[in-house]
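Trainee: The structure that follows is given in the form of C-alpha cells.
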Amino acid sequence: MDEITLANKCIEGDQRAQQKLFEMYAPKMMGVCLRYMKDQAQAEDVLQDGFVKVFTKLEKYTGNGSLEGWVRRIMVNTALDELRKTNKFKTNVSMDDVDYKVESDADVMSSLIEEDLLKLIHEMPDGYKTVFNMFAIEGFSHKEIGEKLGVSENTSKSQYSRAKAYLRTKVEELEIGR
C-alpha cells in the first residue's frame, strides 16, 4: 500500500491503516523524540502527542514529499512545543560568549560511533541540544530555527557553536580516559 492510500485510509478512520502507520513510523519517531527530550518518559509523551496530531491533521498531507518526512516534522514541532512549554530553551547567549575551540581537529567528531554521539547529544543542555538537533540532524537553517524558537538567528548560531564546543570537550574527555 503506498503512502497516499495509507493516509487516505487513516483519514477514513480505518483502524488497521492507523495501526500500520503507527507501527511503520513509531520506532523512528521515538528516536527523533529522544534526541530532544531528557528521558524516555518525556519522549514517549511527545511521541504520543505527536501521533495524535498526525492523525488529526492527516488530511493536510498533500503527498508532496514523503509521509515519513511529514510525520517527522510534526514530531520535531511537538518536541519543540514541549520544550517551549516547559521553558527549557535558554536564549540568553551572545555571540561573544561562544567558545570557538571546536574549529580545530574536527575529524575526531567524525570518528564517534552513532550511539556515542547520541548519548553525548542527550547530555547537552537543552538549548544546545535543541539547536544542534534542528541544524545538524534535521537540516533547518539558523533563520528557520530562530523563527521556530522565537530567538534571533545569531542566538541559534551561538547555541550551535556552543553545542559543538560542548561535544568537542566531551570527546576530548573520553579520549583521555582511553
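Residues in the C-alpha cells are numbered from 1 in each chain, the chains being A, B, ... in the order shown, and ligands are numbered from 1 in the order shown.
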Using only C-alpha atoms, which residues sit within 9 Å of Ile74 of chain A once same-chain residues fewer than 2 positions away are excluded, as a PDB file with C-alpha atoms, in the first residue's frame?

Mentor:
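New file selection29.pdb:
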```
ATOM      1  CA  GLY A  50       2.785  13.834  18.034  1.00  0.00           C
ATOM      2  CA  PHE A  51       0.785  10.895  16.716  1.00  0.00           C
ATOM      3  CA  LYS A  53      -1.512  15.489  15.829  1.00  0.00           C
ATOM      4  CA  VAL A  54      -0.583  13.252  12.891  1.00  0.00           C
ATOM      5  CA  GLY A  69       9.153  13.405   6.410  1.00  0.00           C
ATOM      6  CA  TRP A  70       5.772  14.980   7.115  1.00  0.00           C
ATOM      7  CA  VAL A  71       5.365  12.874  10.272  1.00  0.00           C
ATOM      8  CA  ARG A  72       8.947  13.753  11.331  1.00  0.00           C
ATOM      9  CA  VAL A  76      10.001  17.808  15.849  1.00  0.00           C
ATOM     10  CA  ASN A  77       7.422  20.580  16.229  1.00  0.00           C
ATOM     11  CA  THR A  78       5.706  18.679  19.045  1.00  0.00           C
ATOM     12  CA  ALA A  79       9.029  18.269  20.840  1.00  0.00           C
TER      13      ALA A  79
END
```

Trainee: Write out as a PDB file with N, CA and C atoms, in the first residue's frame each polymer residue whose atoms come within 12 Å of segment 142-150 of chain A, counting only C-alpha atoms; drop sequence neighbours fewer than 4 positions from it.

Mentor:
```pdb
ATOM      1  N   ARG A  73       8.360  16.054  10.773  1.00  0.00           N
ATOM      2  CA  ARG A  73       8.183  17.487  11.057  1.00  0.00           C
ATOM      3  C   ARG A  73       7.211  17.694  12.213  1.00  0.00           C
ATOM      4  N   VAL A  76       9.049  16.764  15.458  1.00  0.00           N
ATOM      5  CA  VAL A  76      10.001  17.808  15.849  1.00  0.00           C
ATOM      6  C   VAL A  76       9.247  19.008  16.418  1.00  0.00           C
ATOM      7  N   ASN A  77       8.197  19.436  15.740  1.00  0.00           N
ATOM      8  CA  ASN A  77       7.422  20.580  16.229  1.00  0.00           C
ATOM      9  C   ASN A  77       6.751  20.289  17.565  1.00  0.00           C
ATOM     10  N   THR A  78       6.304  19.057  17.760  1.00  0.00           N
ATOM     11  CA  THR A  78       5.706  18.679  19.045  1.00  0.00           C
ATOM     12  C   THR A  78       6.750  18.714  20.147  1.00  0.00           C
ATOM     13  N   ALA A  79       7.939  18.228  19.857  1.00  0.00           N
ATOM     14  CA  ALA A  79       9.029  18.269  20.840  1.00  0.00           C
ATOM     15  C   ALA A  79       9.398  19.718  21.167  1.00  0.00           C
ATOM     16  N   LEU A  80       9.462  20.562  20.141  1.00  0.00           N
ATOM     17  CA  LEU A  80       9.778  21.978  20.370  1.00  0.00           C
ATOM     18  C   LEU A  80       8.690  22.651  21.189  1.00  0.00           C
ATOM     19  N   ASP A  81       7.428  22.321  20.913  1.00  0.00           N
ATOM     20  CA  ASP A  81       6.318  22.863  21.705  1.00  0.00           C
ATOM     21  C   ASP A  81       6.484  22.482  23.172  1.00  0.00           C
ATOM     22  N   GLU A  82       6.851  21.252  23.420  1.00  0.00           N
ATOM     23  CA  GLU A  82       7.039  20.782  24.799  1.00  0.00           C
ATOM     24  C   GLU A  82       8.199  21.520  25.468  1.00  0.00           C
ATOM     25  N   LEU A  83       9.294  21.706  24.743  1.00  0.00           N
ATOM     26  CA  LEU A  83      10.428  22.440  25.305  1.00  0.00           C
ATOM     27  C   LEU A  83      10.034  23.885  25.617  1.00  0.00           C
ATOM     28  N   ARG A  84       9.285  24.508  24.726  1.00  0.00           N
ATOM     29  CA  ARG A  84       8.825  25.882  24.958  1.00  0.00           C
ATOM     30  C   ARG A  84       7.895  25.937  26.166  1.00  0.00           C
ATOM     31  N   LYS A  85       6.997  24.961  26.237  1.00  0.00           N
ATOM     32  CA  LYS A  85       6.005  24.927  27.317  1.00  0.00           C
ATOM     33  C   LYS A  85       6.690  24.795  28.678  1.00  0.00           C
ATOM     34  N   ASN A  87       9.670  25.755  29.210  1.00  0.00           N
ATOM     35  CA  ASN A  87      10.631  26.852  29.293  1.00  0.00           C
ATOM     36  C   ASN A  87      12.063  26.359  29.457  1.00  0.00           C
ATOM     37  N   LYS A  88      12.416  25.318  28.737  1.00  0.00           N
ATOM     38  CA  LYS A  88      13.746  24.746  28.876  1.00  0.00           C
ATOM     39  C   LYS A  88      14.737  25.259  27.848  1.00  0.00           C
ATOM     40  N   PHE A  89      14.297  26.062  26.910  1.00  0.00           N
ATOM     41  CA  PHE A  89      15.223  26.574  25.911  1.00  0.00           C
ATOM     42  C   PHE A  89      15.807  27.877  26.407  1.00  0.00           C
ATOM     43  N   LYS A  90      17.111  27.905  26.571  1.00  0.00           N
ATOM     44  CA  LYS A  90      17.800  29.095  27.058  1.00  0.00           C
ATOM     45  C   LYS A  90      18.198  29.958  25.867  1.00  0.00           C
ATOM     46  N   THR A  91      17.843  31.231  25.916  1.00  0.00           N
ATOM     47  CA  THR A  91      18.129  32.106  24.780  1.00  0.00           C
ATOM     48  C   THR A  91      19.080  33.241  25.118  1.00  0.00           C
ATOM     49  N   GLY A 127      19.136  23.974  25.410  1.00  0.00           N
ATOM     50  CA  GLY A 127      19.275  24.926  24.309  1.00  0.00           C
ATOM     51  C   GLY A 127      20.248  24.438  23.258  1.00  0.00           C
ATOM     52  N   THR A 130      18.738  21.311  21.423  1.00  0.00           N
ATOM     53  CA  THR A 130      17.642  21.645  20.510  1.00  0.00           C
ATOM     54  C   THR A 130      18.178  22.206  19.199  1.00  0.00           C
ATOM     55  N   VAL A 131      19.062  23.189  19.293  1.00  0.00           N
ATOM     56  CA  VAL A 131      19.602  23.802  18.084  1.00  0.00           C
ATOM     57  C   VAL A 131      20.480  22.816  17.314  1.00  0.00           C
ATOM     58  N   PHE A 132      21.288  22.032  18.027  1.00  0.00           N
ATOM     59  CA  PHE A 132      22.138  21.043  17.347  1.00  0.00           C
ATOM     60  C   PHE A 132      21.281  20.059  16.569  1.00  0.00           C
ATOM     61  N   ASN A 133      20.253  19.544  17.193  1.00  0.00           N
ATOM     62  CA  ASN A 133      19.350  18.605  16.512  1.00  0.00           C
ATOM     63  C   ASN A 133      18.704  19.249  15.295  1.00  0.00           C
ATOM     64  N   MET A 134      18.199  20.465  15.475  1.00  0.00           N
ATOM     65  CA  MET A 134      17.493  21.111  14.378  1.00  0.00           C
ATOM     66  C   MET A 134      18.423  21.429  13.209  1.00  0.00           C
ATOM     67  N   PHE A 135      19.641  21.894  13.503  1.00  0.00           N
ATOM     68  CA  PHE A 135      20.558  22.301  12.439  1.00  0.00           C
ATOM     69  C   PHE A 135      21.307  21.106  11.846  1.00  0.00           C
ATOM     70  N   ALA A 136      21.980  20.340  12.695  1.00  0.00           N
ATOM     71  CA  ALA A 136      22.864  19.284  12.205  1.00  0.00           C
ATOM     72  C   ALA A 136      22.117  18.027  11.785  1.00  0.00           C
ATOM     73  N   GLU A 138      18.247  17.665  11.648  1.00  0.00           N
ATOM     74  CA  GLU A 138      17.004  17.882  10.914  1.00  0.00           C
ATOM     75  C   GLU A 138      17.188  18.757   9.673  1.00  0.00           C
ATOM     76  N   ASN A 154      21.325  34.865  15.242  1.00  0.00           N
ATOM     77  CA  ASN A 154      22.622  34.815  15.922  1.00  0.00           C
ATOM     78  C   ASN A 154      22.584  33.955  17.176  1.00  0.00           C
ATOM     79  N   THR A 155      21.463  33.967  17.884  1.00  0.00           N
ATOM     80  CA  THR A 155      21.336  33.098  19.055  1.00  0.00           C
ATOM     81  C   THR A 155      21.394  31.637  18.621  1.00  0.00           C
ATOM     82  N   SER A 156      20.734  31.318  17.530  1.00  0.00           N
ATOM     83  CA  SER A 156      20.785  29.954  17.009  1.00  0.00           C
ATOM     84  C   SER A 156      22.216  29.571  16.658  1.00  0.00           C
ATOM     85  N   LYS A 157      22.916  30.460  15.953  1.00  0.00           N
ATOM     86  CA  LYS A 157      24.312  30.191  15.583  1.00  0.00           C
ATOM     87  C   LYS A 157      25.179  30.017  16.820  1.00  0.00           C
ATOM     88  N   SER A 158      24.937  30.856  17.811  1.00  0.00           N
ATOM     89  CA  SER A 158      25.697  30.793  19.051  1.00  0.00           C
ATOM     90  C   SER A 158      25.458  29.473  19.777  1.00  0.00           C
ATOM     91  N   GLN A 159      24.198  29.085  19.879  1.00  0.00           N
ATOM     92  CA  GLN A 159      23.869  27.832  20.551  1.00  0.00           C
ATOM     93  C   GLN A 159      24.494  26.643  19.813  1.00  0.00           C
ATOM     94  N   TYR A 160      24.485  26.695  18.478  1.00  0.00           N
ATOM     95  CA  TYR A 160      25.092  25.617  17.688  1.00  0.00           C
ATOM     96  C   TYR A 160      26.604  25.561  17.919  1.00  0.00           C
ATOM     97  N   SER A 161      27.244  26.718  17.934  1.00  0.00           N
ATOM     98  CA  SER A 161      28.691  26.749  18.198  1.00  0.00           C
ATOM     99  C   SER A 161      29.008  26.219  19.583  1.00  0.00           C
TER     100      SER A 161
END
```

Trainee: Would you mind telling me which residue in A:Val52, A:Met1, A:Met37, A:Leu117 lies nearest to Phe22 of chain A when using only C-alpha atoms?

Mentor: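 Checking each of A:Val52, A:Met1, A:Met37, A:Leu117 against Phe22 of chain A, counting only C-alpha atoms, the winner is A:Val52.
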
Trainee: Within 9 Å of Tyr61 of chain A, counting only C-alpha atoms, which residues qualify if same-chain residues fewer than 6 places away don't, as a PyMOL selection string?

Mentor: chain A and resi 4+7+67+70

Trainee: Apply DSSP to the structure's backbone, then extract all residues of chain A labelled helix (DSSP H, G or I) and return them as a PyMOL selection string.

Mentor: chain A and resi 3-11+15-36+40-60+67-85+95-97+100-103+107-110+114-123+126-137+142-149+153-176

Trainee: Under the rule that only C-alpha atoms are counted, which of A:Leu58, A:Ala41, A:Ala163, A:Leu6 is the nearest residue to Leu21 of chain A?

Mentor: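 Closest to Leu21 of chain A, using only C-alpha atoms: A:Leu6.
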
Trainee: So which one's closest to Thr62 of chain A, A:Ser152, A:Thr169, A:Ser141, A:Thr5? Using only C-alpha atoms, please.

Mentor: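 Ranked by minimum distance to Thr62 of chain A, first place goes to A:Thr5.
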